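Asker: Here it is, the structure in full.
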Amino acid sequence: MTASSTTTAKVNEAADATASSSTTTLGSAGPDFLVSDNSGSVPKTTAATLDPTSSTTEQDKQQQPVIVQVEESKPAARDWKKEIWAFIVKHWFLEGLAFAIAFAAIWPDLGKTHGYIRAEYTVSYGCVMMIFILSGMSLKTKVLVQSLANWKMHLVIQLLSLGVTPAIGLAVGKLLGLSATFNSTLAKGLIIACSTPTTISSNVLMTKQAGGDEAGALTNAVIGNILGVFISPSLIFAYVGALGSSSLDYGHTFQTLAITVIGPLIVGQLLQYFFPALVPTLSKYVNLAILNSSFLLVLVWNVFCNTFSEHLGDGIDAGSMVAIFVLDLVLFVGFSLLAFGVSRVPLLRFSRESTVAIVMCAATKTVALGIPMINIIYAGSPLIGIISTPLLVYHAEQLVVGAFLVTWFKNWIERGKALDQEQQSSHDGEGVVELAVRV
């Protein structure tokens with residue numbers, strides 16, 4: 001072989017090796033670009049990649065990266081109708097509250113006591129009884145028994161409701177009495193309003209709506225109204241004094257309490273015990289929570305019908321009336337903050353659910369017991385309407401503000417549960433790490 005031939009062969013071998021190396025490198029590195037359409041077709045590649053003579057191995061082909069170009073989709077237009085409807089559904093109770101007040105203002109004679117529908121029976125008995133029948137059906141007997149054993153919560157609620165808040169009301173009322181321009185009868189009415197026990201229905205429902213301790217609220221509603229029969233009249237006589245000659249009919253008050261609260265609660269418990277499938281079956285067709293809340297709206301409507309039909313502004317100057325609205329609002333918010341602060345004292349160790357029950361029971365005041373009590377103590381007095389005004393205003397405002405508190409407390413409890421789960425997960429993670437270190 002000549003030198004020229006040898007040189008030519010070496011050059012050809014080098015070229016072949018370079019081509020093979022280039023093909024292998026290209027195959028392992030992947031194609032220069034990939035294009036994919038929406039039909040899912042095979043991506044276009046360079047000719048070198050698809051060359052059957054390529055030395056790319058099957059493993060190299062599997063390792064080739066796939067680059068897909070995805071077209072950005074345009075954001076969907078907001079459906080305002082659905083969002084508005086979702087907002088309406090979410091806040092239906094507040095809207096129902098506004099409707100109840102407006103309807104009461106338009107036609108108060110329909111829902112007032114001794115009105116067209118005889119609300120003193122249909123509402124005061126019928127609605128309240130249904131509320132506690134449903135409560136008895138939904139509450140487990142074991143939960144109620146356990147709630148009765150929670151003496152610490154009961155003690156805090158009753159001390160705040162029948163001890164601290166009446167004392168604060170007395171101080172505010174006495175200060176108002178020093179004013180030469182403020183209506184003195186309204187000042188006495190404010191003291192009376194603060195001396196009444198917790199309400200017997202709305203506090204339980206609002207506690208339930210917020211996800212609080214419903215059994216604790218229900219237990220304290222009953223305890224508070226039983227104690228209130230004795231304590232509230234004593235506070236009224238001590239702080240305000242009797243203007244009438246009649247005394248309280250304790251028997252009638254206990255009878256009303258037994259019929260509207262204790263009896264229906266027992267009936268609900270019996271229905272739950274003997275017909276355990278009743279509540280799940282009813283829940284398939286009726287939302288029991290919404291039904292319970294609807295009964296509460298009927299009670300609110302009845303209160304405002306009585307308020308508007310009594311013409312609360314008669315005999316009261318505008319300044320005193322405005323002051324009562326403001327003072328009642330400030331007192332309710334202040335009592336709620338006080339109850340919240342006491343319940344969050346670390347020494348007491350109340351849960352968030354119990355805190356909701358404490359606030360709802362300690363700050364609220366009842367018209368179901370308060371108004372009959374006023375009518376009995378001050379029977380025959382022409383000042384009954386004025387004396388009752390602060391309590392009616394307080395009760396109305398506590399329902400309105402309470403609706404907002406329900407939403408806040410519900411979110412607060414959910415945040416607490418999320419925080420507890422996060423802390424539990426963190427604790428479990430630390431435990432796993434510690435175990436791994438030990439191993």
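By order of appearance in the structure tokens: chains A, B, ..., then residues from 1 within every chain, and ligands from 1 in the order shown.
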Given only C-alpha atoms, how would the per-residue table for segment 274-384 of chain A near segment 146-157 of chain A read, listing every residue at most 12 Å away with its closest atom pair and distance in Å to one decimal, sorted by chain and number, as JSON lines?
Answerer:
```
{"residue": "A:Phe335", "atom": "CA", "partner": "A:Ile157", "partner_atom": "CA", "distance": 11.3}
{"residue": "A:Ser336", "atom": "CA", "partner": "A:Ile157", "partner_atom": "CA", "distance": 11.4}
{"residue": "A:Leu338", "atom": "CA", "partner": "A:Ile157", "partner_atom": "CA", "distance": 11.2}
{"residue": "A:Ala339", "atom": "CA", "partner": "A:Ile157", "partner_atom": "CA", "distance": 8.1}
{"residue": "A:Phe340", "atom": "CA", "partner": "A:Ile157", "partner_atom": "CA", "distance": 10.9}
{"residue": "A:Gly341", "atom": "CA", "partner": "A:Val156", "partner_atom": "CA", "distance": 11.7}
{"residue": "A:Val342", "atom": "CA", "partner": "A:Val156", "partner_atom": "CA", "distance": 8.4}
{"residue": "A:Ser343", "atom": "CA", "partner": "A:Val156", "partner_atom": "CA", "distance": 8.2}
{"residue": "A:Arg344", "atom": "CA", "partner": "A:Val156", "partner_atom": "CA", "distance": 11.8}
{"residue": "A:Val345", "atom": "CA", "partner": "A:Val156", "partner_atom": "CA", "distance": 11.7}
{"residue": "A:Leu347", "atom": "CA", "partner": "A:Lys152", "partner_atom": "CA", "distance": 11.4}
{"residue": "A:Leu348", "atom": "CA", "partner": "A:Lys152", "partner_atom": "CA", "distance": 8.1}
{"residue": "A:Arg349", "atom": "CA", "partner": "A:Lys152", "partner_atom": "CA", "distance": 10.1}
{"residue": "A:Phe350", "atom": "CA", "partner": "A:Met153", "partner_atom": "CA", "distance": 8.0}
{"residue": "A:Ser351", "atom": "CA", "partner": "A:Met153", "partner_atom": "CA", "distance": 10.5}
{"residue": "A:Glu353", "atom": "CA", "partner": "A:Met153", "partner_atom": "CA", "distance": 11.4}
{"residue": "A:Ser354", "atom": "CA", "partner": "A:Met153", "partner_atom": "CA", "distance": 7.7}
{"residue": "A:Thr355", "atom": "CA", "partner": "A:Met153", "partner_atom": "CA", "distance": 9.0}
{"residue": "A:Val356", "atom": "CA", "partner": "A:Ile157", "partner_atom": "CA", "distance": 11.2}
{"residue": "A:Ala357", "atom": "CA", "partner": "A:Ile157", "partner_atom": "CA", "distance": 8.8}
{"residue": "A:Ile358", "atom": "CA", "partner": "A:Ile157", "partner_atom": "CA", "distance": 5.8}
{"residue": "A:Val359", "atom": "CA", "partner": "A:Ile157", "partner_atom": "CA", "distance": 8.2}
{"residue": "A:Met360", "atom": "CA", "partner": "A:Ile157", "partner_atom": "CA", "distance": 9.4}
{"residue": "A:Cys361", "atom": "CA", "partner": "A:Ile157", "partner_atom": "CA", "distance": 6.6}
{"residue": "A:Ala362", "atom": "CA", "partner": "A:Ile157", "partner_atom": "CA", "distance": 5.2}
{"residue": "A:Ala363", "atom": "CA", "partner": "A:Ile157", "partner_atom": "CA", "distance": 8.9}
{"residue": "A:Thr364", "atom": "CA", "partner": "A:Ile157", "partner_atom": "CA", "distance": 10.7}
```
Asker: Give me a file of those residues, with C-alpha atoms, as a PDB file, in the first residue's frame.
Answerer:
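Everything below was put into part.pdb:
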```pdb
ATOM      1  CA  PHE A 335     -70.376  42.467  78.117  1.00  0.00           C
ATOM      2  CA  SER A 336     -69.356  40.257  75.178  1.00  0.00           C
ATOM      3  CA  LEU A 338     -65.721  40.968  79.129  1.00  0.00           C
ATOM      4  CA  ALA A 339     -67.046  37.415  78.840  1.00  0.00           C
ATOM      5  CA  PHE A 340     -64.558  36.673  76.064  1.00  0.00           C
ATOM      6  CA  GLY A 341     -61.657  38.018  78.112  1.00  0.00           C
ATOM      7  CA  VAL A 342     -62.624  36.049  81.222  1.00  0.00           C
ATOM      8  CA  SER A 343     -63.088  32.825  79.265  1.00  0.00           C
ATOM      9  CA  ARG A 344     -59.623  33.134  77.703  1.00  0.00           C
ATOM     10  CA  VAL A 345     -57.815  33.343  81.059  1.00  0.00           C
ATOM     11  CA  LEU A 347     -56.057  29.371  84.418  1.00  0.00           C
ATOM     12  CA  LEU A 348     -59.654  28.537  83.416  1.00  0.00           C
ATOM     13  CA  ARG A 349     -58.597  26.635  80.273  1.00  0.00           C
ATOM     14  CA  PHE A 350     -61.854  26.934  78.360  1.00  0.00           C
ATOM     15  CA  SER A 351     -61.928  25.637  74.812  1.00  0.00           C
ATOM     16  CA  GLU A 353     -66.278  26.115  71.710  1.00  0.00           C
ATOM     17  CA  SER A 354     -66.922  26.777  75.407  1.00  0.00           C
ATOM     18  CA  THR A 355     -65.825  30.397  74.960  1.00  0.00           C
ATOM     19  CA  VAL A 356     -68.551  30.923  72.348  1.00  0.00           C
ATOM     20  CA  ALA A 357     -71.172  29.513  74.720  1.00  0.00           C
ATOM     21  CA  ILE A 358     -69.920  31.725  77.563  1.00  0.00           C
ATOM     22  CA  VAL A 359     -70.083  34.891  75.465  1.00  0.00           C
ATOM     23  CA  MET A 360     -73.501  34.115  74.007  1.00  0.00           C
ATOM     24  CA  CYS A 361     -74.992  33.251  77.407  1.00  0.00           C
ATOM     25  CA  ALA A 362     -73.305  35.838  79.630  1.00  0.00           C
ATOM     26  CA  ALA A 363     -73.954  38.885  77.439  1.00  0.00           C
ATOM     27  CA  THR A 364     -77.505  38.209  76.210  1.00  0.00           C
TER      28      THR A 364
END
```
Asker: Near segment 183-194 of chain A, within 10 Å and counting only C-alpha atoms, which residues show up once chain neighbours fewer than 5 positions away are dropped, as a ChimeraX atom specification?
Answerer: /A:161-178,232-233,235-237,239-241,315-317,319-321,323-324,327-328,331-332,363-367,370-371,373-374,383-395
Asker: Write out the residues from the selection above, keeping C-alpha atoms, as a PDB file, in the first residue's frame.
Answerer:
```pdb
ATOM      1  CA  SER A 161     -74.999  37.175  83.788  1.00  0.00           C
ATOM      2  CA  LEU A 162     -76.628  37.668  87.183  1.00  0.00           C
ATOM      3  CA  GLY A 163     -73.787  39.287  89.116  1.00  0.00           C
ATOM      4  CA  VAL A 164     -71.380  41.416  87.107  1.00  0.00           C
ATOM      5  CA  THR A 165     -73.626  42.706  84.309  1.00  0.00           C
ATOM      6  CA  PRO A 166     -76.425  43.862  86.702  1.00  0.00           C
ATOM      7  CA  ALA A 167     -73.820  45.708  88.788  1.00  0.00           C
ATOM      8  CA  ILE A 168     -72.479  47.452  85.687  1.00  0.00           C
ATOM      9  CA  GLY A 169     -76.036  48.290  84.634  1.00  0.00           C
ATOM     10  CA  LEU A 170     -76.729  49.754  88.066  1.00  0.00           C
ATOM     11  CA  ALA A 171     -73.649  51.976  87.861  1.00  0.00           C
ATOM     12  CA  VAL A 172     -74.567  53.232  84.366  1.00  0.00           C
ATOM     13  CA  GLY A 173     -78.193  53.786  85.374  1.00  0.00           C
ATOM     14  CA  LYS A 174     -77.249  55.772  88.447  1.00  0.00           C
ATOM     15  CA  LEU A 175     -74.939  57.955  86.386  1.00  0.00           C
ATOM     16  CA  LEU A 176     -77.730  58.592  83.892  1.00  0.00           C
ATOM     17  CA  GLY A 177     -80.043  59.468  86.756  1.00  0.00           C
ATOM     18  CA  LEU A 178     -77.722  62.299  87.683  1.00  0.00           C
ATOM     19  CA  SER A 232     -83.826  38.995  88.888  1.00  0.00           C
ATOM     20  CA  PRO A 233     -86.890  40.181  90.853  1.00  0.00           C
ATOM     21  CA  LEU A 235     -82.218  42.665  91.937  1.00  0.00           C
ATOM     22  CA  ILE A 236     -85.019  44.807  90.505  1.00  0.00           C
ATOM     23  CA  PHE A 237     -86.500  45.461  93.934  1.00  0.00           C
ATOM     24  CA  TYR A 239     -81.740  48.392  92.539  1.00  0.00           C
ATOM     25  CA  VAL A 240     -84.924  50.075  91.284  1.00  0.00           C
ATOM     26  CA  GLY A 241     -87.705  49.514  93.811  1.00  0.00           C
ATOM     27  CA  GLY A 315     -93.241  60.107  75.977  1.00  0.00           C
ATOM     28  CA  ILE A 316     -89.470  59.904  75.409  1.00  0.00           C
ATOM     29  CA  ASP A 317     -87.381  62.778  74.142  1.00  0.00           C
ATOM     30  CA  GLY A 319     -81.936  62.612  72.930  1.00  0.00           C
ATOM     31  CA  SER A 320     -82.756  60.011  75.588  1.00  0.00           C
ATOM     32  CA  MET A 321     -83.977  57.558  72.942  1.00  0.00           C
ATOM     33  CA  ALA A 323     -78.738  57.507  74.045  1.00  0.00           C
ATOM     34  CA  ILE A 324     -80.527  54.245  74.917  1.00  0.00           C
ATOM     35  CA  LEU A 327     -75.808  52.639  75.459  1.00  0.00           C
ATOM     36  CA  ASP A 328     -77.488  49.275  74.862  1.00  0.00           C
ATOM     37  CA  LEU A 331     -73.173  47.528  76.920  1.00  0.00           C
ATOM     38  CA  PHE A 332     -73.787  44.413  74.838  1.00  0.00           C
ATOM     39  CA  ALA A 363     -73.954  38.885  77.439  1.00  0.00           C
ATOM     40  CA  THR A 364     -77.505  38.209  76.210  1.00  0.00           C
ATOM     41  CA  LYS A 365     -80.681  39.201  78.061  1.00  0.00           C
ATOM     42  CA  THR A 366     -84.143  37.682  77.778  1.00  0.00           C
ATOM     43  CA  VAL A 367     -87.424  39.365  76.930  1.00  0.00           C
ATOM     44  CA  GLY A 370     -88.020  40.032  81.433  1.00  0.00           C
ATOM     45  CA  ILE A 371     -91.155  41.549  79.872  1.00  0.00           C
ATOM     46  CA  MET A 373     -91.611  40.193  84.995  1.00  0.00           C
ATOM     47  CA  ILE A 374     -91.877  43.926  84.321  1.00  0.00           C
ATOM     48  CA  LEU A 383     -94.726  53.770  82.592  1.00  0.00           C
ATOM     49  CA  ILE A 384     -94.496  50.086  81.625  1.00  0.00           C
ATOM     50  CA  GLY A 385     -93.859  50.917  77.960  1.00  0.00           C
ATOM     51  CA  ILE A 386     -90.987  53.270  78.783  1.00  0.00           C
ATOM     52  CA  ILE A 387     -89.519  50.929  81.406  1.00  0.00           C
ATOM     53  CA  SER A 388     -89.566  48.053  78.894  1.00  0.00           C
ATOM     54  CA  THR A 389     -87.878  50.052  76.131  1.00  0.00           C
ATOM     55  CA  PRO A 390     -84.221  49.479  77.121  1.00  0.00           C
ATOM     56  CA  LEU A 391     -84.758  45.713  77.379  1.00  0.00           C
ATOM     57  CA  LEU A 392     -86.532  45.507  73.996  1.00  0.00           C
ATOM     58  CA  VAL A 393     -83.853  47.624  72.341  1.00  0.00           C
ATOM     59  CA  TYR A 394     -81.081  45.583  73.977  1.00  0.00           C
ATOM     60  CA  HIS A 395     -82.686  42.338  72.870  1.00  0.00           C
TER      61      HIS A 395
END
```
Asker: List every residue of segment 182-222 of chain A that has an atom at most 8 Å from any atom of segment 280-304 of chain A, and for each one report the closest atom pair and its distance in Å to one decimal, counting only C-alpha atoms, with rows sorted by chain and then by increasing residue number, as a tab-separated table.
Answerer:
```
residue	atom	partner	partner_atom	distance
A:Ser201	CA	A:Leu296	CA	7.7
A:Ser202	CA	A:Leu296	CA	6.5
A:Leu205	CA	A:Ser293	CA	6.8
A:Gln209	CA	A:Ala289	CA	7.8
```
Asker: Emit the selected residues as a tab-separated table (two decimals), in the first residue's frame, including C-alpha atoms.
Answerer:
```tsv
chain	number	residue	atom	x	y	z
A	201	SER	CA	-83.43	30.31	72.80
A	202	SER	CA	-81.42	32.73	70.66
A	205	LEU	CA	-79.11	28.83	68.33
A	209	GLN	CA	-74.55	28.31	64.32
```
Asker: Mind checking which residues fall within 10 Å of Ile223 of chain A, counting only C-alpha atoms, ignoring those fewer than 5 positions away in the same chain, and posting them as a list in words?
Answerer: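 In the requested format, the answer is Leu148, His154, Gln158, Pro197, Thr198, Ile200, Ala217, Leu218 and Gly228 of chain A.
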Asker: Export, as a short mmCIF file (atom, residue, chain, number, x, y, z; two decimals), in the first residue's frame, the selected residues with N, CA, C and O atoms.
Answerer:
```
data_model
loop_
_atom_site.label_atom_id
_atom_site.label_comp_id
_atom_site.auth_asym_id
_atom_site.auth_seq_id
_atom_site.Cartn_x
_atom_site.Cartn_y
_atom_site.Cartn_z
N LEU A 148 -73.64 19.09 82.11
CA LEU A 148 -74.07 19.40 83.47
C LEU A 148 -72.91 19.31 84.46
O LEU A 148 -72.89 20.01 85.47
N HIS A 154 -70.53 26.83 84.05
CA HIS A 154 -71.81 27.31 84.56
C HIS A 154 -71.61 28.43 85.59
O HIS A 154 -72.34 29.43 85.58
N GLN A 158 -73.06 32.28 85.03
CA GLN A 158 -74.09 32.82 85.93
C GLN A 158 -73.56 33.99 86.76
O GLN A 158 -74.32 34.93 87.03
N PRO A 197 -81.97 37.55 83.30
CA PRO A 197 -81.05 36.45 82.97
C PRO A 197 -80.84 36.34 81.47
O PRO A 197 -81.38 37.11 80.68
N THR A 198 -80.06 35.35 81.10
CA THR A 198 -79.79 35.12 79.68
C THR A 198 -81.04 34.66 78.96
O THR A 198 -81.99 34.15 79.57
N ILE A 200 -83.44 32.39 76.45
CA ILE A 200 -83.65 30.95 76.52
C ILE A 200 -83.59 30.25 75.18
O ILE A 200 -83.70 29.03 75.12
N ALA A 217 -74.47 25.82 76.21
CA ALA A 217 -75.36 26.97 76.10
C ALA A 217 -76.78 26.60 76.52
O ALA A 217 -77.45 27.37 77.22
N LEU A 218 -77.23 25.43 76.09
CA LEU A 218 -78.58 24.99 76.44
C LEU A 218 -78.71 24.78 77.94
O LEU A 218 -79.70 25.19 78.56
N GLY A 228 -82.98 33.02 87.44
CA GLY A 228 -83.51 34.36 87.18
C GLY A 228 -84.88 34.61 87.76
O GLY A 228 -85.23 35.75 88.10
#
```
Asker: May I ask which of the residues A:Lys410, A:Lys417, A:His252, A:Arg118 is the closest one to Asn306 of chain A, counting only C-alpha atoms?
Answerer: A:Arg118
Asker: In Å, rounded to a single decimal, give me how far atom CA of Leu369 of chain A is from atom CA of Trp107 of chain A.
Answerer: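 Result for atom CA of Trp107 of chain A versus atom CA of Leu369 of chain A: 24.8 Å, one decimal.
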Asker: Give me, please, the distance in Å between atom CA of His91 of chain A and atom CA of Tyr121 of chain A, quoted to one decimal.
Answerer: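 So the two atoms, atom CA of His91 of chain A and atom CA of Tyr121 of chain A, lie 29.7 Å apart.
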Asker: So that each row is one residue of segment 358-438 of chain A with an atom at most 12 Å from segment 96-101 of chain A, can you give its shortest atom pair and the distance in Å to one decimal, using only C-alpha atoms, rows by chain and rising number, as JSON lines?
Answerer:
```
{"residue": "A:Ala396", "atom": "CA", "partner": "A:Ile101", "partner_atom": "CA", "distance": 9.4}
{"residue": "A:Glu397", "atom": "CA", "partner": "A:Leu97", "partner_atom": "CA", "distance": 11.3}
{"residue": "A:Leu399", "atom": "CA", "partner": "A:Leu97", "partner_atom": "CA", "distance": 8.6}
{"residue": "A:Val400", "atom": "CA", "partner": "A:Leu97", "partner_atom": "CA", "distance": 7.5}
{"residue": "A:Val401", "atom": "CA", "partner": "A:Leu97", "partner_atom": "CA", "distance": 11.0}
{"residue": "A:Gly402", "atom": "CA", "partner": "A:Leu97", "partner_atom": "CA", "distance": 11.2}
{"residue": "A:Ala403", "atom": "CA", "partner": "A:Leu97", "partner_atom": "CA", "distance": 8.8}
{"residue": "A:Phe404", "atom": "CA", "partner": "A:Leu97", "partner_atom": "CA", "distance": 11.5}
```
Asker: Enter the distance from atom CA of Leu134 of chain A to atom CA of Ala102 of chain A, in Å, rounded to one decimal.
Answerer: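 Atom CA of Leu134 of chain A sits 27.6 Å away from atom CA of Ala102 of chain A.
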Asker: Between A:Ala258, A:Val89, A:Ala368, A:Met129, which has the minimum distance to Thr199 of chain A (counting only C-alpha atoms)?
Answerer: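 Between A:Ala258, A:Val89, A:Ala368, A:Met129, the residue approaching Thr199 of chain A most closely is A:Ala368.
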Asker: Quick one: DSSP alpha helix (DSSP H) residues in segment 142-343 of chain A, as a PyMOL selection string?
Answerer: chain A and resi 142-148+151-159+165-177+184-195+202-209+214-239+250-257+263-274+278-285+288-309+318-343
